[in-house]
Amino acid sequence: MDKRLYVGALFVAGLLLSGAARADYLWFDHQADTLKVQAGQFEKPLASIAGFDTVAAISSDGKPLTVDRREDNFVIADTKTGDVRLTSTQVNDDGALVYHQARFGRQDTKALNDFELVPTTPNGNTFKLMWKGNVIAATQVNVATSAGWRRVSTSAPDGTITLATPFAGLYVMEVTARVNNGSVTVNGKKYDDVRQTATLSFEVAQ
């Protein structure tokens with residue numbers, strides 16, 4: 001086993017990358033001079049983002065960005081300075097606490113979120129899934145595009161995911177994990193079902 005994957009497996013100690021049902025996630029869409037963050041699933045965005053709390057966005061250098069909350073999406077002014085991250089929490093209808101971690105752009109080769117898909121080279125098509133600084137293997141990465149192309153990818157033996165980008169437009173990669181035997185207490189309420197969702201959105205030019 002690759003040493004990085006072995007260390008990662010010890011570090012996550014119960015992060016299950018399979019078994020979590022398809023659920024809501026957040027993803028970026030670049031429009032004019034703004035970045036719009038939508039919720040739900042790529043094929044069916046939610047009409048309301050009321051259930052998403054503790055929202056924060058940062059630039060590629062870790063500086064906080066202003067987030068404008070709309071009825072059905074978040075909006076961030078385009079910083080033109082590299083990749084952007086937005087995080088939020090949500091309590092699902094089934095009572096699970098979900099940590100959403102969305103990223104736009106594939107220039108940075110370093111993760112800033114706890115759970116993040118990261119390109120191995122700037123603007124490359126090979127990615128690694130990071131959990132708190134360690135590479136872990138992804139059993140399922142869902143890919144959707146604005147061109148209507150869909151696929152499911154899995155990690156290679158070295159833990160990387162290589163994605164073909166044959167169509168121009170927006171690509172959204174998504175992976176969800178359930179924290180096994182993990183519980184947290186937020187605002188006095190205990191959650192026994194805790195999940196982590198990461199998305200990476202990027203554009204492919206014509």
# chains A, B, ... in the order shown; residues from 1 in each chain; ligands from 1
$ residues_around --residues "Thr145 of chain A" --least-positions-apart "2" --cutoff "6 Å" --atoms "only C-alpha atoms" --output "PDB file with all heavy atoms, in the first residue's frame"
ATOM      1  N   ALA A 147     -22.522  20.426 -20.125  1.00  0.00           N
ATOM      2  CA  ALA A 147     -22.790  19.853 -21.445  1.00  0.00           C
ATOM      3  C   ALA A 147     -23.697  18.634 -21.366  1.00  0.00           C
ATOM      4  O   ALA A 147     -24.044  18.047 -22.390  1.00  0.00           O
ATOM      5  CB  ALA A 147     -21.471  19.474 -22.122  1.00  0.00           C
ATOM      6  N   GLY A 148     -24.067  18.232 -20.144  1.00  0.00           N
ATOM      7  CA  GLY A 148     -24.938  17.085 -19.965  1.00  0.00           C
ATOM      8  C   GLY A 148     -24.208  15.759 -19.805  1.00  0.00           C
ATOM      9  O   GLY A 148     -24.834  14.711 -19.689  1.00  0.00           O
ATOM     10  N   TRP A 149     -22.886  15.795 -19.785  1.00  0.00           N
ATOM     11  CA  TRP A 149     -22.070  14.589 -19.634  1.00  0.00           C
ATOM     12  C   TRP A 149     -21.951  14.222 -18.168  1.00  0.00           C
ATOM     13  O   TRP A 149     -21.697  15.074 -17.330  1.00  0.00           O
ATOM     14  CB  TRP A 149     -20.693  14.862 -20.244  1.00  0.00           C
ATOM     15  CG  TRP A 149     -19.751  13.699 -20.295  1.00  0.00           C
ATOM     16  CD1 TRP A 149     -19.869  12.577 -21.053  1.00  0.00           C
ATOM     17  CD2 TRP A 149     -18.516  13.563 -19.581  1.00  0.00           C
ATOM     18  NE1 TRP A 149     -18.781  11.752 -20.857  1.00  0.00           N
ATOM     19  CE2 TRP A 149     -17.939  12.333 -19.972  1.00  0.00           C
ATOM     20  CE3 TRP A 149     -17.845  14.374 -18.659  1.00  0.00           C
ATOM     21  CZ2 TRP A 149     -16.725  11.888 -19.455  1.00  0.00           C
ATOM     22  CZ3 TRP A 149     -16.631  13.938 -18.144  1.00  0.00           C
ATOM     23  CH2 TRP A 149     -16.083  12.704 -18.543  1.00  0.00           C
ATOM     24  N   LEU A 170     -18.787  23.932 -17.736  1.00  0.00           N
ATOM     25  CA  LEU A 170     -18.575  23.748 -16.301  1.00  0.00           C
ATOM     26  C   LEU A 170     -18.523  22.271 -15.940  1.00  0.00           C
ATOM     27  O   LEU A 170     -19.370  21.487 -16.382  1.00  0.00           O
ATOM     28  CB  LEU A 170     -19.713  24.429 -15.529  1.00  0.00           C
ATOM     29  CG  LEU A 170     -19.684  24.301 -14.005  1.00  0.00           C
ATOM     30  CD1 LEU A 170     -18.508  25.071 -13.415  1.00  0.00           C
ATOM     31  CD2 LEU A 170     -21.009  24.805 -13.398  1.00  0.00           C
ATOM     32  N   TYR A 171     -17.539  21.908 -15.124  1.00  0.00           N
ATOM     33  CA  TYR A 171     -17.419  20.560 -14.575  1.00  0.00           C
ATOM     34  C   TYR A 171     -17.564  20.645 -13.052  1.00  0.00           C
ATOM     35  O   TYR A 171     -16.987  21.529 -12.423  1.00  0.00           O
ATOM     36  CB  TYR A 171     -16.050  19.946 -14.903  1.00  0.00           C
ATOM     37  CG  TYR A 171     -15.905  19.478 -16.329  1.00  0.00           C
ATOM     38  CD1 TYR A 171     -15.850  20.393 -17.375  1.00  0.00           C
ATOM     39  CD2 TYR A 171     -15.827  18.129 -16.641  1.00  0.00           C
ATOM     40  CE1 TYR A 171     -15.722  19.974 -18.692  1.00  0.00           C
ATOM     41  CE2 TYR A 171     -15.685  17.693 -17.955  1.00  0.00           C
ATOM     42  CZ  TYR A 171     -15.638  18.621 -18.975  1.00  0.00           C
ATOM     43  OH  TYR A 171     -15.514  18.197 -20.278  1.00  0.00           O
TER      44      TYR A 171
END
$ closest_residue --among "A:Ala137, A:Val172, A:Ala144, A:Ala102" --to "Pro157 of chain A" --atoms "only C-alpha atoms"
A:Ala137
$ residues_around --residues "Thr54 of chain A" --least-positions-apart "6" --cutoff "8 Å" --atoms "only C-alpha atoms" --output "PyMOL selection string"
chain A and resi 87-89
$ residues_around --residues "Asp29 of chain A" --least-positions-apart "6" --cutoff "8 Å" --atoms "only C-alpha atoms" --output "number ranges by chain"
A: 35-38, 170, 201
$ write_last_selection --atoms "all heavy atoms" --output "PDB file, in the first residue's frame"
ATOM      1  N   LEU A  35     -19.276  34.852  -8.766  1.00  0.00           N
ATOM      2  CA  LEU A  35     -19.330  33.413  -8.575  1.00  0.00           C
ATOM      3  C   LEU A  35     -20.623  33.096  -7.832  1.00  0.00           C
ATOM      4  O   LEU A  35     -20.850  33.578  -6.732  1.00  0.00           O
ATOM      5  CB  LEU A  35     -18.132  32.932  -7.748  1.00  0.00           C
ATOM      6  CG  LEU A  35     -16.767  32.989  -8.430  1.00  0.00           C
ATOM      7  CD1 LEU A  35     -15.666  32.691  -7.424  1.00  0.00           C
ATOM      8  CD2 LEU A  35     -16.709  31.985  -9.581  1.00  0.00           C
ATOM      9  N   LYS A  36     -21.472  32.300  -8.457  1.00  0.00           N
ATOM     10  CA  LYS A  36     -22.724  31.887  -7.831  1.00  0.00           C
ATOM     11  C   LYS A  36     -22.552  30.491  -7.264  1.00  0.00           C
ATOM     12  O   LYS A  36     -21.995  29.613  -7.919  1.00  0.00           O
ATOM     13  CB  LYS A  36     -23.866  31.912  -8.844  1.00  0.00           C
ATOM     14  CG  LYS A  36     -25.220  31.564  -8.231  1.00  0.00           C
ATOM     15  CD  LYS A  36     -26.361  31.854  -9.190  1.00  0.00           C
ATOM     16  CE  LYS A  36     -26.436  30.851 -10.303  1.00  0.00           C
ATOM     17  NZ  LYS A  36     -27.652  31.007 -11.126  1.00  0.00           N
ATOM     18  N   VAL A  37     -23.011  30.277  -6.037  1.00  0.00           N
ATOM     19  CA  VAL A  37     -22.946  28.969  -5.397  1.00  0.00           C
ATOM     20  C   VAL A  37     -24.368  28.446  -5.258  1.00  0.00           C
ATOM     21  O   VAL A  37     -25.207  29.058  -4.594  1.00  0.00           O
ATOM     22  CB  VAL A  37     -22.272  29.041  -4.015  1.00  0.00           C
ATOM     23  CG1 VAL A  37     -22.177  27.646  -3.406  1.00  0.00           C
ATOM     24  CG2 VAL A  37     -20.890  29.668  -4.128  1.00  0.00           C
ATOM     25  N   GLN A  38     -24.627  27.324  -5.908  1.00  0.00           N
ATOM     26  CA  GLN A  38     -25.945  26.715  -5.863  1.00  0.00           C
ATOM     27  C   GLN A  38     -25.938  25.494  -4.957  1.00  0.00           C
ATOM     28  O   GLN A  38     -24.882  24.928  -4.654  1.00  0.00           O
ATOM     29  CB  GLN A  38     -26.402  26.333  -7.267  1.00  0.00           C
ATOM     30  CG  GLN A  38     -26.625  27.529  -8.171  1.00  0.00           C
ATOM     31  CD  GLN A  38     -27.168  27.125  -9.526  1.00  0.00           C
ATOM     32  OE1 GLN A  38     -26.410  26.807 -10.429  1.00  0.00           O
ATOM     33  NE2 GLN A  38     -28.488  27.139  -9.654  1.00  0.00           N
ATOM     34  N   LEU A 170     -18.787  23.932 -17.736  1.00  0.00           N
ATOM     35  CA  LEU A 170     -18.575  23.748 -16.301  1.00  0.00           C
ATOM     36  C   LEU A 170     -18.523  22.271 -15.940  1.00  0.00           C
ATOM     37  O   LEU A 170     -19.370  21.487 -16.382  1.00  0.00           O
ATOM     38  CB  LEU A 170     -19.713  24.429 -15.529  1.00  0.00           C
ATOM     39  CG  LEU A 170     -19.684  24.301 -14.005  1.00  0.00           C
ATOM     40  CD1 LEU A 170     -18.508  25.071 -13.415  1.00  0.00           C
ATOM     41  CD2 LEU A 170     -21.009  24.805 -13.398  1.00  0.00           C
ATOM     42  N   SER A 201     -15.485  22.631  -8.574  1.00  0.00           N
ATOM     43  CA  SER A 201     -16.068  23.152  -9.811  1.00  0.00           C
ATOM     44  C   SER A 201     -14.986  23.887 -10.606  1.00  0.00           C
ATOM     45  O   SER A 201     -14.220  24.651 -10.039  1.00  0.00           O
ATOM     46  CB  SER A 201     -17.212  24.130  -9.507  1.00  0.00           C
ATOM     47  OG  SER A 201     -18.157  23.579  -8.619  1.00  0.00           O
TER      48      SER A 201
END
$ closest_residue --among "A:Thr66, A:Ile58, A:Asp72, A:Leu117" --to "Pro45 of chain A" --atoms "only C-alpha atoms"
A:Asp72
$ residues_around --residues "Ala205 of chain A" --least-positions-apart "6" --cutoff "12 Å" --atoms "only C-alpha atoms" --output "number ranges by chain"
A: 123, 165-171
$ closest_residue --among "A:Ala23, A:Thr109, A:Leu200, A:Phe115" --to "Asp94 of chain A" --atoms "only C-alpha atoms"
A:Ala23
$ residues_around --residues "Val143 of chain A" --least-positions-apart "4" --cutoff "7 Å" --atoms "only C-alpha atoms" --output "PyMOL selection string"
chain A and resi 150-152+172-174
$ residues_around --residues "Met130 of chain A" --least-positions-apart "2" --cutoff "9 Å" --atoms "only C-alpha atoms" --output "VMD selection string"
chain A and resid 8 111 113 to 118 128 132 to 137
$ closest_residue --among "A:Leu97, A:Arg103, A:Gly40, A:Thr81" --to "Thr185 of chain A" --atoms "only C-alpha atoms"
A:Leu97
$ select_by_dssp --residues "chain A" --states "helix (DSSP H, G or I)" --output "ChimeraX atom specification"
/A:3-12
$ write_last_selection --atoms "N, CA, C and O atoms" --output "tab-separated table (two decimals), in the first residue's frame"
chain	number	residue	atom	x	y	z
A	3	LYS	N	2.41	4.59	1.01
A	3	LYS	CA	2.59	5.11	2.36
A	3	LYS	C	1.64	6.25	2.66
A	3	LYS	O	1.10	6.37	3.76
A	4	ARG	N	1.40	7.12	1.67
A	4	ARG	CA	0.50	8.26	1.90
A	4	ARG	C	-0.90	7.77	2.19
A	4	ARG	O	-1.60	8.31	3.05
A	5	LEU	N	-1.36	6.73	1.46
A	5	LEU	CA	-2.70	6.21	1.70
A	5	LEU	C	-2.78	5.52	3.05
A	5	LEU	O	-3.79	5.60	3.73
A	6	TYR	N	-1.69	4.85	3.45
A	6	TYR	CA	-1.69	4.17	4.74
A	6	TYR	C	-1.79	5.18	5.87
A	6	TYR	O	-2.58	5.03	6.80
A	7	VAL	N	-1.00	6.26	5.78
A	7	VAL	CA	-1.07	7.31	6.79
A	7	VAL	C	-2.46	7.95	6.80
A	7	VAL	O	-3.05	8.19	7.85
A	8	GLY	N	-2.99	8.18	5.60
A	8	GLY	CA	-4.32	8.78	5.51
A	8	GLY	C	-5.38	7.89	6.13
A	8	GLY	O	-6.28	8.35	6.81
A	9	ALA	N	-5.26	6.57	5.89
A	9	ALA	CA	-6.25	5.65	6.44
A	9	ALA	C	-6.21	5.66	7.96
A	9	ALA	O	-7.25	5.60	8.63
A	10	LEU	N	-5.01	5.73	8.53
A	10	LEU	CA	-4.90	5.82	9.99
A	10	LEU	C	-5.46	7.12	10.51
A	10	LEU	O	-6.13	7.18	11.53
A	11	PHE	N	-5.23	8.19	9.76
A	11	PHE	CA	-5.63	9.52	10.21
A	11	PHE	C	-7.14	9.68	10.23
A	11	PHE	O	-7.70	10.24	11.16
A	12	VAL	N	-7.81	9.20	9.17
A	12	VAL	CA	-9.26	9.41	9.12
A	12	VAL	C	-9.99	8.51	10.11
A	12	VAL	O	-11.04	8.88	10.62
$ atom_distance --atom1 "atom CA of Asp78 of chain A" --atom2 "atom CA of Phe52 of chain A"
21.6 Å
